[in-house]
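Chemist: Pasting in a structure now, in structure tokens, and then I'll have a few things to ask.
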There are 4 protein chains.
Amino acid sequence: MKNTFGQSVAVTLFGESHGEMIGVVLDGFAPGLQVDEDFIRHQLSLRRPQGKISTPRVEADEFSIVSGVFEGKTTGTPICILIPNTNTKSKDYAKGLPRPGHADYAAECKYHGYQDYRGGGHFSGRITAALVAAGAIAISALRQNGILIGTHISRISDIRDRSFGSYESDIEALADLTFPVLDAGKAEMMRACIEDAASEGDSVGGVLETAVIGLPTGVGEPWFDTVEGVLSHALFSIPGIKGVEFGDGFALANMRGSQANDGLRMQNGRIVTTTNHNGGINGGITNGMPVIFRCAVKPTPSIFCEQESVDLAAKQNATLILQGRHDPAIIHRARVVVDSVAALVLCDLLALRFGTDFPK
Amino acid sequence: MKNTFGQSVAVTLFGESHGEMIGVVLDGFAPGLQVDEDFIRHQLSLRRPQGKISTPRVEADEFSIVSGVFEGKTTGTPICILIPNTNTKSKDYAKGLPRPGHADYAAECKYHGYQDYRGGGHFSGRITAALVAAGAIAISALRQNGILIGTHISRISDIRDRSFGSYESDIEALADLTFPVLDAGKAEMMRACIEDAASEGDSVGGVLETAVIGLPTGVGEPWFDTVEGVLSHALFSIPGIKGVEFGDGFALANMRGSQANDGLRMQNGRIVTTTNHNGGINGGITNGMPVIFRCAVKPTPSIFCEQESVDLAAKQNATLILQGRHDPAIIHRARVVVDSVAALVLCDLLALRFGTDFPK
Amino acid sequence: MKNTFGQSVAVTLFGESHGEMIGVVLDGFAPGLQVDEDFIRHQLSLRRPQGKISTPRVEADEFSIVSGVFEGKTTGTPICILIPNTNTKSKDYAKGLPRPGHADYAAECKYHGYQDYRGGGHFSGRITAALVAAGAIAISALRQNGILIGTHISRISDIRDRSFGSYESDIEALADLTFPVLDAGKAEMMRACIEDAASEGDSVGGVLETAVIGLPTGVGEPWFDTVEGVLSHALFSIPGIKGVEFGDGFALANMRGSQANDGLRMQNGRIVTTTNHNGGINGGITNGMPVIFRCAVKPTPSIFCEQESVDLAAKQNATLILQGRHDPAIIHRARVVVDSVAALVLCDLLALRFGTDFPK
Amino acid sequence: MKNTFGQSVAVTLFGESHGEMIGVVLDGFAPGLQVDEDFIRHQLSLRRPQGKISTPRVEADEFSIVSGVFEGKTTGTPICILIPNTNTKSKDYAKGLPRPGHADYAAECKYHGYQDYRGGGHFSGRITAALVAAGAIAISALRQNGILIGTHISRISDIRDRSFGSYESDIEALADLTFPVLDAGKAEMMRACIEDAASEGDSVGGVLETAVIGLPTGVGEPWFDTVEGVLSHALFSIPGIKGVEFGDGFALANMRGSQANDGLRMQNGRIVTTTNHNGGINGGITNGMPVIFRCAVKPTPSIFCEQESVDLAAKQNATLILQGRHDPAIIHRARVVVDSVAALVLCDLLALRFGTDFPK
């Protein structure tokens, strides 16, 4: 444990990188929501590897929904989605020589060597395909309730995308981009940066920035189930994420209260804030402004340089040179995973706040 | 909900800033642990306001432990700690004019005006005193098991403390500092920076950095109860925290895999990593290296400048000028709250991993 | 753990029989509900010992609500209620000689001797006073939403009370009875039966029957959070309860499907069942009919006969003759505990179903 | 929600009676346990319909384990087991005419008509096959730790089996019986009773009695996660179970304390009780004696008599005559479901108590 997350709406994950299939159970989702399999396919396609900047292992992701959907709509009972693994090359993976930056050694400590080591097993980014499939249902449902989520690559190294401008049009524009950057010129520079690292057998990290608009006020359950707390809890499960910040986040360390406070005022009969340094959340509760957060994504740990490792059986130092197919960057693929996880978490918080018939 | 956090070891918070008392129930703690009331007092003193850089509201924090401790030791049943509020000036607080940067407006949305608005009510930083009292028991217990936690102010504005050097001696040195900075010269600069803001009725934020040493390997429950996920979930409950990062965190966005990966090697018969860019956690599980994380603390929202607000009853714009007693910085006081929350979360993860008799 | 129960609405218990005080935190309750302290007092009075059929230890139960209620109404944040212990005679209790039928020996196994043994410590029925205080708030809130709960002593030994007739008037009649029996003649017989046992230093058990009317349909979360499952989970926490059945319960073992099935028909535009053998629950979900359940209460284990025990320190057989003040029956006092626990559980299930503003 | 049950060891259920497949995710199970597929097959066979006393719908239950088992052993990560549905006759089921005694109408209220109504959908007893498959892994693991579970039909109507005598040999004897009765003569009488009801298109209920031996002392987490509470919570999820009692249960209502208390004494250096009226549990915690509980199973609601129902669309009374294939009794098939659920719950409680490497 704990491969289940959520209280009213919950996801349960299973599967390994080189097992027969991976999957997810999405439980507690409101009944009567249209399930659009094309949209699930679309979302999975955003996660799929892309040409030179990704691994050559491409999975078809031919998912099947085996429960919880009847005559095209959610029933309110658990939705299980299965995604077979078809393109595995297990012989690329050696047991007993943990890969630096991966979960291999930590998993060995926890599972005493019984874990499926092939391709990272249950710790593989492969599992996120299941999150994306479940997340697609959540994203659709939120959209029908006027809640939109969008994520772009905010930076890779020192190449910075512009910030969100008009949220709605930016989010719409990102929806179909496989390399999600708002400024097309910066997208080119980022791709070049990834290819550059790839050509040296190396990899890069970056920062993803997410905006959620249309959320009702009063969502979040203090003290402990703050919107920040619950979102970050889930986001840190995404492999490679090592930092999460809301609103101005770490930049607040350089600000004064007079700069960081968001004034309040009336606008068209509604209360809004004059700025949004707090990212739409005060006291852990939504205030009706866009929820803004950023995730730090570490460089993919699978690189082709010689690395120091340890032979677990012999208990002696060893040198590791990776084989196999790897991504020089996962940040563009991680984008849809972040959107998916955020949507699932928000569906849960909304259902807790408004009952199990929400989203409608 | 949710004022309870934790699965095997759990804390439940209650109380308001200007209510009769605040308190905490610490449940699931192992039996037979010595409870040192002097240490609880010491920890509470680290949270107490300090001279010019803090609010003049000083609470005696005369706690009483009313259950769960018998003949000086934990019984294994719930420990309830009560802390009366004695120094409240409720007339300083006006209803219906939400303070920018505070939870006031968000709470109004969630609780429909029924919340106790005086001094922030249940959202007040005052409640963290209860976390500190409970955390003191957790910190003692971890220490008896060789696990040490220490936090310093990593930076305020652009004034940066040095990083942890020798963890053990640095953590020991921090234990008694009311202004927890490793480099005494930088401490003076930071204090001056806070006083400077205070003289203008303004406030400052900063970054806290925490190290935990001595943790066993194999702690953390993927996918969703990763050490990062569970810690961040709880840390974001601390008022003012808007970012959490582990290991090199957001700095990983500028690194390549060859720089970010932590090689493995044998050292005195034990497996260690050659660097610690991942902050002691891979795949959400401890790897035996120091767990390192940083929290972004926003500037205290209570400032004495004129601010834009809204009269909730009249539904029209209004100007707010705060009265009352406020902190120009809370970062030095938040330090012990971070230590406490981290200790409580780790006790829970350790008890899940090793059973309810842990920590011993 | 686990002294917290509930998901959206949760109670956390603390305290020991001979400690300074006991208490409860009620979290997640909707904001804006009137809190009637007189009703809490009334409910506590129903739990208080009564003359010859109860222990001479009578506690004043002078509770105080120290958080979560502001200007007479719930705030939506945690409600902590404290009840001091005033009338304790700890010297009546010997350590190391576990009392048959009590938790003493099992607690010794779990807490390794560190538990507070005086008066049963945290396992004492005394703790149920806190459940009753919290339950009173829940019962009031349900009543305002047209949901009524009532419990009577269904039988003691072979003396059987009549069944519920007109639910509403029966529930109203029970509300003020300290010895809750629908048929006054049977009440006399039951009292005589208890006094008879008391005169021999012995004790009796019995069965409590509860009806809940006015619940909406569609409440309960299958598979696992069925109304039966969640209610029984909480009910078995009440000391002395060893059986829980719904509808016709164990009597269904003697019935055929044609007798046990509840037909459906229209009545005043609403769907009802023609009988209620299933106790208002099908598939774990309410069907709109009265929810009916019964709890088996074992005879009070504190009796004044000579009993076999073991000297834990010496590890040898020993004879135990109890001192102290004890109840020859607790069933009449347990009634209000059952009502309280049921109300708390139902508030949780209703809030999960309809959101955190319910009950209104 | 809530189709996930358990804290440290958890099961998640999904699927519908007439969907493509049903399944279960078993999460948090200790790594390194041998998984015996033959034993899973054996357990599923105990649940399968049997000749004249069962439905003619016989499913092959050709399960596949698609994750969490590697090289024949548990990995410690989630185990997903899939069981296809192959023998469905959906046209036997009419929408909009709820069957008395079934979940149909309650489900309509909760899911607003979007539920899969065919064969009871997600509420079907069919789903229990998944619990049995997961439970087989738990039963094996407990057995390796010296913990044995066995259930027999204690009575059907007034035909009563003998009680457990020698627990170990009785449990072993039950393991292979498809009609689990200790006294073979009574088994014949019970079968005749079922056939008799079947010949009239009717059905019967009964009582199952379970014994668990070999459990360590000190398991269970009061107040709320008592062994009774957690077991009953899960047991009430099994379709048709309407009562659960521990030890002497409802019979305690007729006993005096001097009869119901279990004295303590030394036996071979171990503390035991002289009787076991409390069913191995005091204060919600195991005391080392056999844990004994009984479940009331209602008569199968699918019967072939004419029954009163309501046409949901027309909102008018209607007569229902069931078609399809049904069981005149499910009690013999429910037996292995009870064993499975108990084993899963106990694995969870044991892992909470002793850590995630238990059972070993």
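Residue numbers start at 1 in each chain; chains themselves are named A, B, ... in the order of the structure tokens; ligands are numbered from 1 in the order shown.
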Quick one: which residues from chain B are at most 6 Å off chain C, using only C-alpha atoms, as a list in words?

Modeler: Met1, Ser8, Phe14, Gly15, Glu20, Asp27, Gly28, Pro31, Gly32, Val66, Ser67, Thr75, Pro78, Tyr111, Tyr114 and Gln115 of chain B

Chemist: Give me the residues near A:Ala296 as a list of chain:residue names, where near means some atom within 9 Å (using only C-alpha atoms) and where sequence neighbours in that chain fewer than 4 positions away do not count.

Modeler: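 Once the adjacent positions are removed, what remains is A:Gly205, A:Gly206, A:Val207, A:Leu208, A:Gly240, A:Ile241, A:Lys242, A:Gly243, A:Val244, A:Glu245, B:Glu245, B:Gly249, B:Phe250, B:Ala251, B:Leu252, B:Ala253.
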
Chemist: Write out as a ChimeraX atom specification which residues come within 10 Å of stretch 285-292 of chain A when counting only C-alpha atoms, dropping same-chain ones fewer than 4 positions away.

Modeler: /A:148-151,164,167,209-223,225-228,245-249,270-281 /B:103-110

Chemist: Could you write out that same residue set with N, CA and C atoms as a compact mmCIF listing (two decimals), in the first residue's frame?

Modeler:
# COMPACT_ATOMS: atom_id res chain seq x y z
N LEU A 148 -11.73 23.92 -16.34
CA LEU A 148 -10.72 23.57 -17.34
C LEU A 148 -9.34 23.48 -16.71
N ILE A 149 -8.55 22.53 -17.21
CA ILE A 149 -7.19 22.32 -16.71
C ILE A 149 -6.22 22.36 -17.87
N GLY A 150 -5.12 23.08 -17.71
CA GLY A 150 -4.10 23.06 -18.75
C GLY A 150 -2.72 23.19 -18.16
N THR A 151 -1.76 22.51 -18.78
CA THR A 151 -0.38 22.50 -18.30
C THR A 151 0.56 22.76 -19.46
N PHE A 164 0.87 31.96 -18.47
CA PHE A 164 -0.50 31.96 -18.98
C PHE A 164 -0.96 33.40 -19.17
N TYR A 167 -6.39 32.65 -19.82
CA TYR A 167 -6.37 31.24 -19.40
C TYR A 167 -7.15 30.34 -20.34
N GLU A 209 3.93 24.02 -15.55
CA GLU A 209 3.03 24.95 -14.86
C GLU A 209 1.59 24.63 -15.26
N THR A 210 0.73 24.56 -14.28
CA THR A 210 -0.66 24.16 -14.49
C THR A 210 -1.61 25.25 -14.04
N ALA A 211 -2.67 25.46 -14.80
CA ALA A 211 -3.76 26.36 -14.38
C ALA A 211 -5.07 25.60 -14.40
N VAL A 212 -5.86 25.83 -13.37
CA VAL A 212 -7.21 25.26 -13.32
C VAL A 212 -8.18 26.44 -13.16
N ILE A 213 -9.11 26.58 -14.09
CA ILE A 213 -10.08 27.67 -13.97
C ILE A 213 -11.50 27.12 -13.85
N GLY A 214 -12.34 27.92 -13.25
CA GLY A 214 -13.75 27.54 -13.14
C GLY A 214 -14.11 26.80 -11.87
N LEU A 215 -13.14 26.59 -10.99
CA LEU A 215 -13.44 25.88 -9.74
C LEU A 215 -14.35 26.73 -8.86
N PRO A 216 -15.32 26.10 -8.20
CA PRO A 216 -16.13 26.85 -7.24
C PRO A 216 -15.28 27.31 -6.05
N THR A 217 -15.76 28.30 -5.34
CA THR A 217 -15.11 28.68 -4.08
C THR A 217 -15.46 27.65 -3.00
N GLY A 218 -14.69 27.64 -1.94
CA GLY A 218 -15.04 26.85 -0.76
C GLY A 218 -14.70 25.38 -0.86
N VAL A 219 -13.80 25.03 -1.78
CA VAL A 219 -13.39 23.62 -1.92
C VAL A 219 -12.05 23.43 -1.21
N GLY A 220 -11.90 22.32 -0.51
CA GLY A 220 -10.70 22.06 0.30
C GLY A 220 -11.13 21.84 1.73
N GLU A 221 -10.43 20.98 2.44
CA GLU A 221 -10.85 20.57 3.78
C GLU A 221 -9.72 20.76 4.78
N PRO A 222 -9.61 21.96 5.33
CA PRO A 222 -8.56 22.20 6.33
C PRO A 222 -8.83 21.41 7.60
N TRP A 223 -7.80 21.26 8.51
CA TRP A 223 -6.45 21.68 8.24
C TRP A 223 -5.71 20.80 7.24
N ASP A 225 -6.63 18.41 4.74
CA ASP A 225 -6.91 18.17 3.34
C ASP A 225 -7.10 19.48 2.57
N THR A 226 -6.09 20.31 2.70
CA THR A 226 -6.02 21.53 1.91
C THR A 226 -5.90 21.16 0.44
N VAL A 227 -6.32 22.08 -0.43
CA VAL A 227 -6.16 21.82 -1.86
C VAL A 227 -4.68 21.61 -2.19
N GLU A 228 -3.82 22.44 -1.59
CA GLU A 228 -2.38 22.26 -1.85
C GLU A 228 -1.90 20.90 -1.36
N GLU A 245 4.89 23.74 -6.17
CA GLU A 245 4.64 25.04 -5.55
C GLU A 245 3.33 25.63 -6.09
N PHE A 246 2.68 26.41 -5.27
CA PHE A 246 1.39 27.01 -5.61
C PHE A 246 1.53 28.52 -5.67
N GLY A 247 0.81 29.14 -6.59
CA GLY A 247 0.88 30.59 -6.74
C GLY A 247 2.32 30.97 -7.04
N ASP A 248 2.85 31.97 -6.32
CA ASP A 248 4.23 32.37 -6.59
C ASP A 248 5.24 31.45 -5.93
N GLY A 249 4.80 30.52 -5.10
CA GLY A 249 5.66 29.48 -4.55
C GLY A 249 6.96 29.99 -3.97
N ARG A 270 -19.23 39.85 -8.35
CA ARG A 270 -18.52 38.70 -7.77
C ARG A 270 -17.27 39.22 -7.08
N ILE A 271 -16.84 38.55 -6.04
CA ILE A 271 -15.61 38.96 -5.37
C ILE A 271 -14.43 38.29 -6.06
N VAL A 272 -13.45 39.09 -6.44
CA VAL A 272 -12.23 38.55 -7.07
C VAL A 272 -11.02 39.13 -6.33
N THR A 273 -9.85 38.58 -6.62
CA THR A 273 -8.64 39.20 -6.07
C THR A 273 -7.98 40.02 -7.18
N THR A 274 -7.27 41.04 -6.75
CA THR A 274 -6.66 41.95 -7.73
C THR A 274 -5.41 41.35 -8.35
N THR A 275 -4.77 40.47 -7.63
CA THR A 275 -3.62 39.71 -8.14
C THR A 275 -3.86 38.26 -7.72
N ASN A 276 -2.94 37.35 -8.06
CA ASN A 276 -3.15 35.95 -7.70
C ASN A 276 -1.85 35.28 -7.24
N HIS A 277 -1.16 35.96 -6.35
CA HIS A 277 0.11 35.41 -5.84
C HIS A 277 -0.12 34.14 -5.03
N ASN A 278 -1.31 33.95 -4.51
CA ASN A 278 -1.61 32.76 -3.70
C ASN A 278 -2.16 31.61 -4.53
N GLY A 279 -2.24 31.81 -5.85
CA GLY A 279 -2.65 30.71 -6.72
C GLY A 279 -4.04 30.19 -6.45
N GLY A 280 -4.96 31.09 -6.12
CA GLY A 280 -6.36 30.69 -6.01
C GLY A 280 -6.72 29.94 -4.75
N ILE A 281 -5.79 29.88 -3.80
CA ILE A 281 -6.03 29.10 -2.58
C ILE A 281 -5.59 29.91 -1.36
N ALA B 103 -7.02 33.49 5.19
CA ALA B 103 -8.07 32.53 4.82
C ALA B 103 -9.47 33.13 4.92
N ASP B 104 -9.58 34.37 5.38
CA ASP B 104 -10.90 34.93 5.73
C ASP B 104 -11.96 34.75 4.64
N TYR B 105 -11.62 35.16 3.43
CA TYR B 105 -12.65 35.10 2.37
C TYR B 105 -12.95 33.65 1.97
N ALA B 106 -11.92 32.84 1.84
CA ALA B 106 -12.13 31.43 1.48
C ALA B 106 -12.96 30.72 2.55
N ALA B 107 -12.69 31.03 3.82
CA ALA B 107 -13.45 30.43 4.92
C ALA B 107 -14.91 30.87 4.84
N GLU B 108 -15.12 32.15 4.52
CA GLU B 108 -16.49 32.65 4.36
C GLU B 108 -17.24 31.83 3.30
N CYS B 109 -16.55 31.50 2.21
CA CYS B 109 -17.18 30.73 1.13
C CYS B 109 -17.53 29.32 1.59
N LYS B 110 -16.64 28.74 2.36
CA LYS B 110 -16.86 27.36 2.79
C LYS B 110 -17.83 27.26 3.94

Chemist: Tell me, as a list in words, which residues lie within 9 Å of A:Asp161, counting only C-alpha atoms; anything in the same chain fewer than 2 positions away does not count.

Modeler: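 Contacts, with the query itself left out: His152, Ile153, Ser154, Arg155, Ile156, Ile159, Ser163, Val181, Leu182, Asp183, Ala184, Gly185, Lys186 and Ala187 of chain A.
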
Chemist: Residues of stretch 64-223 of chain C classed as helix (DSSP H, G or I) by DSSP on the backbone are to be reported as a PyMOL selection string.

Modeler: chain C and resi 90-92+104-111+118-123+125-144+167-174+184-199

Chemist: Do you have the atom CA of A:Leu97-atom CA of A:Ala313 distance handy?

Modeler: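 Atom CA of A:Ala313 lies at a distance of 8.8 Å from atom CA of A:Leu97.
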
Chemist: Can you list, as a list of chain:residue names, every protein, DNA or RNA residue that comes within 8 Å of A:Arg325 when you count only C-alpha atoms, leaving out same-chain residues fewer than 6 positions away?

Modeler: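 Surrounding residues, per the criterion: A:Thr55, A:Pro56, A:Arg57.
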
Chemist: Pick out each residue of stretch 48-271 of chain C that DSSP on the backbone tags as strand (DSSP E or B); I need them as an MDAnalysis selection string.

Modeler: chainID C and resid 64:67 69:70 73:74 79:84 148:156 159:160 204 206:213 221 225 241:246 256 264:267 270:271

Chemist: For B:Gly101, which of A:Val345, A:Ala260, A:Ile331, A:Leu320 is the closest residue, counting only C-alpha atoms?

Modeler: A:Ala260

Chemist: Rounded to one decimal in Å, what is the spacing between atom CA of C:Ile139 and atom CA of A:Ala351?

Modeler: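 About the pair atom CA of C:Ile139 and atom CA of A:Ala351: they are 24.4 Å apart.
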
Chemist: Within 10 Å of C:Val341, counting only C-alpha atoms, which residues qualify if same-chain residues fewer than 5 places away don't, as number ranges by chain?

Modeler: C: 11, 128, 131-132, 134-136, 138-139, 231-232, 234-235, 237-238, 336, 346-347
